[in-house]
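Raw coords.txt, compact mmCIF, C-alpha atoms:
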```
# COMPACT_ATOMS: atom_id res chain seq x y z
CA MET A 1 -14.55 7.65 -8.61
CA ASN A 2 -14.91 4.79 -6.16
CA ARG A 3 -13.07 3.73 -3.05
CA ARG A 4 -11.93 0.26 -2.12
CA PRO A 5 -12.24 -1.11 1.43
CA THR A 6 -9.47 0.08 3.70
CA LEU A 7 -6.60 -2.34 3.65
CA LEU A 8 -6.29 -4.09 7.01
CA ALA A 9 -8.30 -1.38 8.72
CA ALA A 10 -8.77 -3.41 11.88
CA LEU A 11 -5.09 -3.85 12.62
CA ALA A 12 -3.35 -1.70 15.19
CA LEU A 13 0.33 -1.08 15.81
CA THR A 14 1.85 -1.18 19.27
CA ALA A 15 1.83 2.03 21.27
CA THR A 16 5.56 2.46 20.71
CA ALA A 17 5.21 2.02 16.96
CA ALA A 18 2.30 4.42 16.80
CA LEU A 19 4.28 7.09 18.59
CA THR A 20 7.25 6.58 16.29
CA LEU A 21 5.04 6.80 13.22
CA SER A 22 3.31 9.91 14.48
CA ALA A 23 6.64 11.61 14.90
CA CYS A 24 7.81 10.41 11.51
CA GLY A 25 4.62 11.45 9.73
CA GLY A 26 4.35 14.83 11.38
CA SER A 27 0.61 14.54 11.89
CA ASP A 28 -0.29 18.21 12.17
CA GLU A 29 -4.02 18.14 11.60
CA GLY A 30 -4.03 21.67 10.26
CA SER A 31 -1.68 20.83 7.40
CA SER A 32 -2.22 18.93 4.18
CA THR A 33 0.31 16.81 2.32
CA LYS A 34 0.76 19.66 -0.12
CA ASP A 35 2.24 21.77 2.68
CA LYS A 36 5.01 19.28 3.46
CA ASP A 37 7.36 19.46 0.50
CA SER A 38 10.30 20.15 2.79
CA ASP A 39 10.17 16.72 4.42
CA LYS A 40 8.63 14.81 1.55
CA ILE A 41 10.30 11.58 0.51
CA ALA A 42 7.97 10.88 -2.38
CA GLY A 43 5.95 12.99 -4.75
CA ALA A 44 4.65 13.15 -8.28
CA ASP A 45 6.13 16.55 -9.09
CA THR A 46 9.60 16.32 -7.59
CA GLY A 47 11.20 14.78 -10.63
CA GLY A 48 12.92 11.96 -8.77
CA GLU A 49 13.04 8.28 -9.59
CA LYS A 50 9.73 6.53 -8.99
CA SER A 51 8.97 2.88 -8.45
CA ALA A 52 7.84 0.71 -11.34
CA GLN A 53 4.15 0.08 -11.80
CA PRO A 54 3.13 -3.56 -11.36
CA SER A 55 1.28 -3.65 -14.68
CA GLU A 56 4.66 -3.23 -16.35
CA SER A 57 5.49 -6.78 -15.14
CA ALA A 58 9.13 -6.01 -14.38
CA PRO A 59 11.26 -9.13 -13.85
CA ALA A 60 11.38 -10.25 -10.22
CA ALA A 61 14.70 -10.06 -8.41
CA GLU A 62 16.50 -13.36 -8.00
CA GLY A 63 14.89 -15.46 -5.31
CA ARG A 64 11.79 -13.27 -5.13
CA PRO A 65 8.32 -14.08 -6.46
CA LYS A 66 7.05 -12.24 -9.50
CA ILE A 67 3.87 -10.23 -9.01
CA ASP A 68 1.48 -9.83 -11.94
CA PHE A 69 -1.45 -7.46 -12.29
CA PRO A 70 -4.25 -7.57 -14.88
CA SER A 71 -4.15 -4.95 -17.59
CA ASP A 72 -7.12 -3.03 -16.17
CA ALA A 73 -5.65 -2.43 -12.68
CA LYS A 74 -2.60 -0.53 -11.55
CA ASN A 75 -0.91 0.68 -8.38
CA VAL A 76 1.20 3.80 -8.76
CA PHE A 77 3.82 4.43 -6.08
CA GLU A 78 5.15 7.96 -5.96
CA TYR A 79 8.35 8.11 -3.98
CA GLU A 80 11.93 9.15 -4.51
CA LYS A 81 14.98 7.25 -3.42
CA THR A 82 16.32 8.69 -0.18
CA GLY A 83 19.99 7.99 -0.88
CA ASP A 84 20.11 5.68 2.13
CA PRO A 85 20.30 2.09 0.80
CA VAL A 86 18.55 0.66 3.85
CA LYS A 87 15.65 3.09 3.72
CA ASP A 88 15.36 2.61 -0.03
CA ALA A 89 15.15 -1.17 0.45
CA VAL A 90 12.43 -0.68 3.08
CA LEU A 91 10.41 1.53 0.75
CA ALA A 92 10.73 -0.90 -2.15
CA ASP A 93 9.59 -3.89 -0.10
CA SER A 94 6.77 -1.84 1.41
CA THR A 95 5.31 -1.33 -2.06
CA LEU A 96 5.69 -5.02 -2.85
CA SER A 97 3.71 -5.85 0.27
CA VAL A 98 0.83 -3.79 -1.09
CA ASN A 99 1.14 -5.37 -4.53
CA SER A 100 1.18 -8.87 -3.07
CA VAL A 101 -2.17 -8.32 -1.37
CA ASP A 102 -3.75 -6.97 -4.54
CA GLU A 103 -2.35 -9.83 -6.62
CA ALA A 104 -4.05 -12.28 -4.25
CA ILE A 105 -7.33 -10.44 -4.87
CA PHE A 106 -6.88 -10.62 -8.62
CA VAL A 107 -6.15 -14.36 -8.70
CA GLY A 108 -8.76 -15.09 -6.04
CA SER A 109 -6.45 -16.98 -3.69
CA THR A 110 -4.65 -16.38 -0.41
CA ASP A 111 -2.13 -19.07 -1.28
CA THR A 112 0.03 -16.92 -3.55
CA GLU A 113 3.77 -17.00 -3.06
CA ALA A 114 4.17 -13.24 -2.76
CA LEU A 115 1.55 -12.73 -0.04
CA SER A 116 3.46 -14.63 2.65
CA PHE A 117 6.81 -13.55 1.22
CA TYR A 118 6.24 -9.84 1.88
CA ASN A 119 3.84 -10.07 4.85
CA THR A 120 4.03 -11.85 8.17
CA GLU A 121 2.50 -11.89 11.66
CA LYS A 122 -0.53 -9.58 12.03
CA ALA A 123 -0.07 -8.11 8.56
CA LEU A 124 -0.30 -11.55 6.96
CA SER A 125 -3.31 -12.72 8.95
CA GLY A 126 -5.05 -9.41 8.28
CA SER A 127 -4.20 -9.61 4.58
CA ILE A 128 -5.68 -13.08 4.34
CA THR A 129 -8.91 -11.92 5.99
CA TYR A 130 -9.02 -8.91 3.69
CA VAL A 131 -8.51 -10.96 0.51
CA LEU A 132 -11.08 -13.54 1.62
CA GLY A 133 -13.61 -10.73 1.85
CA TYR A 134 -13.14 -10.09 -1.86
CA ILE A 135 -13.21 -13.79 -2.72
CA LYS A 136 -16.43 -14.36 -0.78
CA LYS A 137 -18.19 -11.64 -2.78
CA ASP A 138 -16.50 -12.67 -6.02
CA ASP A 139 -15.13 -9.15 -6.31
CA THR A 140 -11.97 -7.66 -7.70
CA TRP A 141 -11.01 -4.07 -8.50
CA VAL A 142 -10.08 -2.07 -11.57
CA GLY A 143 -8.56 1.32 -12.23
CA GLU A 144 -5.64 3.02 -10.53
CA THR A 145 -4.71 3.47 -6.89
CA ARG A 146 -2.06 6.06 -6.13
CA TYR A 147 0.28 5.84 -3.14
CA PHE A 148 2.20 8.95 -2.12
CA ASP A 149 3.75 11.07 0.64
CA TYR A 150 6.05 8.31 1.86
CA LYS A 151 8.02 8.73 5.06
CA VAL A 152 10.37 6.12 6.48
CA SER A 153 12.27 5.77 9.75
CA LEU A 154 14.56 3.00 10.96
CA SER A 155 14.45 1.24 14.31
CA GLY A 156 17.70 -0.52 15.00
CA ALA A 157 19.30 -2.76 12.39
CA ASN A 158 16.23 -4.81 11.54
CA GLY A 159 13.19 -2.62 12.12
CA ALA A 160 11.48 0.16 10.21
CA TYR A 161 8.29 2.20 10.06
CA VAL A 162 6.73 3.57 6.90
CA THR A 163 3.81 5.98 6.60
CA TYR A 164 2.10 6.84 3.33
CA CYS A 165 -1.18 7.94 1.81
CA SER A 166 -3.40 6.37 -0.79
CA ASP A 167 -5.76 7.98 -3.28
CA GLU A 168 -8.48 5.50 -4.24
CA SER A 169 -10.61 7.95 -6.22
CA LYS A 170 -9.75 6.22 -9.49
CA SER A 171 -10.08 2.59 -8.38
CA PHE A 172 -13.38 0.73 -8.53
CA ILE A 173 -14.87 -2.48 -7.18
CA LYS A 174 -15.81 -4.91 -9.96
CA ASN A 175 -17.81 -8.10 -9.61
CA LYS A 176 -16.21 -10.97 -11.50
CA LYS A 177 -19.50 -12.69 -12.33
CA THR A 178 -21.65 -9.76 -13.38
CA LYS A 179 -18.72 -7.65 -14.67
CA LYS A 180 -20.47 -4.69 -13.07
CA VAL A 181 -18.26 -1.89 -11.79
CA LYS A 182 -19.47 0.09 -8.78
CA ASP A 183 -19.32 3.81 -9.48
CA THR A 184 -19.47 5.87 -6.28
CA PRO A 185 -18.39 9.48 -5.84
CA THR A 186 -15.04 10.63 -4.57
CA THR A 187 -15.21 11.80 -0.96
CA ALA A 188 -12.81 12.33 1.92
CA ASP A 189 -13.01 8.58 2.50
CA SER A 190 -11.25 8.02 -0.81
CA TYR A 191 -8.01 9.03 0.92
CA VAL A 192 -6.31 6.81 3.48
CA LEU A 193 -3.30 7.26 5.76
CA TYR A 194 -1.32 4.07 6.43
CA ASN A 195 1.13 3.40 9.26
CA THR A 196 3.15 0.23 8.79
CA LYS A 197 5.82 -1.68 10.64
CA LEU A 198 8.45 -3.77 8.86
CA GLU A 199 11.16 -6.18 9.98
CA LYS A 200 14.12 -7.48 8.00
CA ARG A 201 14.50 -11.20 7.53
CA ALA A 202 17.87 -12.93 7.54
CA ASP A 203 17.83 -12.95 3.73
CA GLY A 204 17.41 -9.16 3.61
CA VAL A 205 13.71 -9.02 2.72
CA TRP A 206 11.77 -6.36 4.61
CA GLN A 207 8.47 -7.96 5.58
CA THR A 208 5.47 -5.92 6.68
CA THR A 209 4.47 -7.17 10.14
CA ASP A 210 1.72 -4.74 11.16
CA VAL A 211 -0.55 -2.15 9.55
CA ALA A 212 -2.87 0.55 10.85
CA SER A 213 -4.96 2.84 8.66
CA ASN A 214 -7.06 5.96 8.94
CA ARG A 215 -9.61 6.47 6.19
CA GLY A 216 -10.55 10.08 5.51
CA SER A 217 -7.36 11.39 7.11
CA LYS A 218 -6.85 15.09 6.54
CA GLU A 219 -3.15 14.35 6.07
CA CYS A 220 -3.89 12.70 2.73
CA GLN A 221 -6.69 14.80 1.27
CA PRO A 222 -5.90 17.24 -1.56
```
Mind converting the file's structure to structure tokens?
Amino acid sequence: MNRRPTLLAALALTATAALTLSACGGSDEGSSTKDKDSDKIAGADTGGEKSAQPSESAPAAEGRPKIDFPSDAKNVFEYEKTGDPVKDAVLADSTLSVNSVDEAIFVGSTDTEALSFYNTEKALSGSITYVLGYIKKDDTWVGETRYFDYKVSLSGANGAYVTYCSDESKSFIKNKKTKKVKDTPTTADSYVLYNTKLEKRADGVWQTTDVASNRGSKECQP
């Protein structure tokens, strides 16, 4: 029943990217995510294939770093494969970008292999600042964070935009020294809308280059 700080809240996409994401996300303020099943790529109740949870410690693909989570923390990504291999690769690497940031929090270091593997440019510098905020306070987090309502659009051969929501109502800040877990109520601020930009490297990895977020977005609230 607690919310974690908004991931990279200070970052902003370019005007062009923001416009593209707005069109992709269909940001009709009078609608909730529950009203958008017709254009929904990901969802818990659609019966499609969902991404693996990091706590399952699935083997890393060849040439890619393995990301490990502690047993008391989990990210759940609810999305279905689109049928487009490029979009599906973008979605998969988008989730690994999120996991890489959380792994850095768990180990208490910004020098992890995965962090710079899946993030670059503004997204990487913002991620480092974000993780250092946890390290400075000797904090981590426990529980479950749910990511849902994924939408993806491509921009040329090497660019993509992904929007998605997060539900942080079941994730909690925990101090490593005191072991105390902060228990705060679930509010509108427990739900966050993310707009992200990704670019494909020469080796085929889709790196997140920029992130913008909107905590308390009506698009993501139940």
Exercise. Would you please work out which residue, of A:Val192, A:Val76, A:Ala114, A:Ile128, is nearest to A:Tyr147 when using only C-alpha atoms?
Key: A:Val76
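Closest approach to A:Asn175 from the set A:Tyr134, A:Tyr194, A:Tyr79, A:Trp206 is made by A:Tyr134, with distances taken over only C-alpha atoms.
Atom pair atom CA of A:Thr163 / atom CA of A:Thr186: separated by 22.4 Å.
Restricting the calculation to only C-alpha atoms, the smallest distance between A:Tyr118 and any of A:Glu144, A:Glu219, A:Asp167, A:Asp210 is found for A:Asp210.
Between atom CA of A:Lys81 and atom CA of A:Ser127 there is a distance of 26.8 Å.
Across A:Glu121, A:Ser94, A:Lys74, A:Thr196, the tightest approach to A:Phe172 is made by A:Lys74 when counting all atoms listed in the file.
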Could you give me the axis-aligned bounding box of stretch 82-97 of chain A, with 5 Å of padding per side, as centre plus edge lengths in Å to one decimal, as AutoDock Vina command-line options?
```
--center_x 12.0 --center_y 1.4 --center_z 0.5 --size_x 26.6 --size_y 24.5 --size_z 16.7
```
Quiz item: Quick one: residues within 12 Å of A:Asp84, only C-alpha atoms counted, chain neighbours fewer than 5 positions away excluded, as a VMD selection string?
Solution: chain A and resid 41 89 to 91 152 to 154
Put those residues in a file: C-alpha atoms, as a PDB file, in the coordinates of the input.
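Output (again24.pdb):
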```pdb
ATOM      1  CA  ILE A  41      10.300  11.580   0.510  1.00  0.00           C
ATOM      2  CA  ALA A  89      15.150  -1.170   0.450  1.00  0.00           C
ATOM      3  CA  VAL A  90      12.430  -0.680   3.080  1.00  0.00           C
ATOM      4  CA  LEU A  91      10.410   1.530   0.750  1.00  0.00           C
ATOM      5  CA  VAL A 152      10.370   6.120   6.480  1.00  0.00           C
ATOM      6  CA  SER A 153      12.270   5.770   9.750  1.00  0.00           C
ATOM      7  CA  LEU A 154      14.560   3.000  10.960  1.00  0.00           C
TER       8      LEU A 154
END
```
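Nearest residue to A:Val101 among A:Ser171, A:Asn195, A:Ser125, A:Thr184 is A:Ser125, counting all atoms listed in the file.
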Quiz prompt | All residues 7 Å or closer to A:Arg215, all atoms listed in the file, same chain fewer than 3 positions away omitted, as an NGL selection string | solution = :A and (6 or 189 or 191-193)
Self-check item: Interatomic distance, atom CA of A:Asn99 to atom CA of A:Arg146 (Å, one decimal)
Solution: 12.0 Å
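Comparing the minimum interatomic distances between A:Gly143 and each of A:Lys170, A:Arg64, A:Lys218, A:Lys179, counting all atoms listed in the file, we find that A:Lys170 sits nearest.
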Practice problem: Considering all atoms listed in the file, return as a PyMOL selection string whatever protein or nucleic-acid residues lie within 8 Å of stretch 200-205 of chain A, sequence-local ones (same chain, fewer than 3 positions apart) excluded. | Solution: chain A and resi 93+118+158-159
At most 9 Å from (1.5, -3.9, -4.4), file frame, only C-alpha atoms: which residues, as a PDB file with C-alpha atoms, in the coordinates of the input?
```
ATOM      1  CA  GLN A  53       4.150   0.080 -11.800  1.00  0.00           C
ATOM      2  CA  PRO A  54       3.130  -3.560 -11.360  1.00  0.00           C
ATOM      3  CA  ILE A  67       3.870 -10.230  -9.010  1.00  0.00           C
ATOM      4  CA  LYS A  74      -2.600  -0.530 -11.550  1.00  0.00           C
ATOM      5  CA  ASN A  75      -0.910   0.680  -8.380  1.00  0.00           C
ATOM      6  CA  VAL A  76       1.200   3.800  -8.760  1.00  0.00           C
ATOM      7  CA  PHE A  77       3.820   4.430  -6.080  1.00  0.00           C
ATOM      8  CA  SER A  94       6.770  -1.840   1.410  1.00  0.00           C
ATOM      9  CA  THR A  95       5.310  -1.330  -2.060  1.00  0.00           C
ATOM     10  CA  LEU A  96       5.690  -5.020  -2.850  1.00  0.00           C
ATOM     11  CA  SER A  97       3.710  -5.850   0.270  1.00  0.00           C
ATOM     12  CA  VAL A  98       0.830  -3.790  -1.090  1.00  0.00           C
ATOM     13  CA  ASN A  99       1.140  -5.370  -4.530  1.00  0.00           C
ATOM     14  CA  SER A 100       1.180  -8.870  -3.070  1.00  0.00           C
ATOM     15  CA  VAL A 101      -2.170  -8.320  -1.370  1.00  0.00           C
ATOM     16  CA  ASP A 102      -3.750  -6.970  -4.540  1.00  0.00           C
ATOM     17  CA  GLU A 103      -2.350  -9.830  -6.620  1.00  0.00           C
TER      18      GLU A 103
END
```
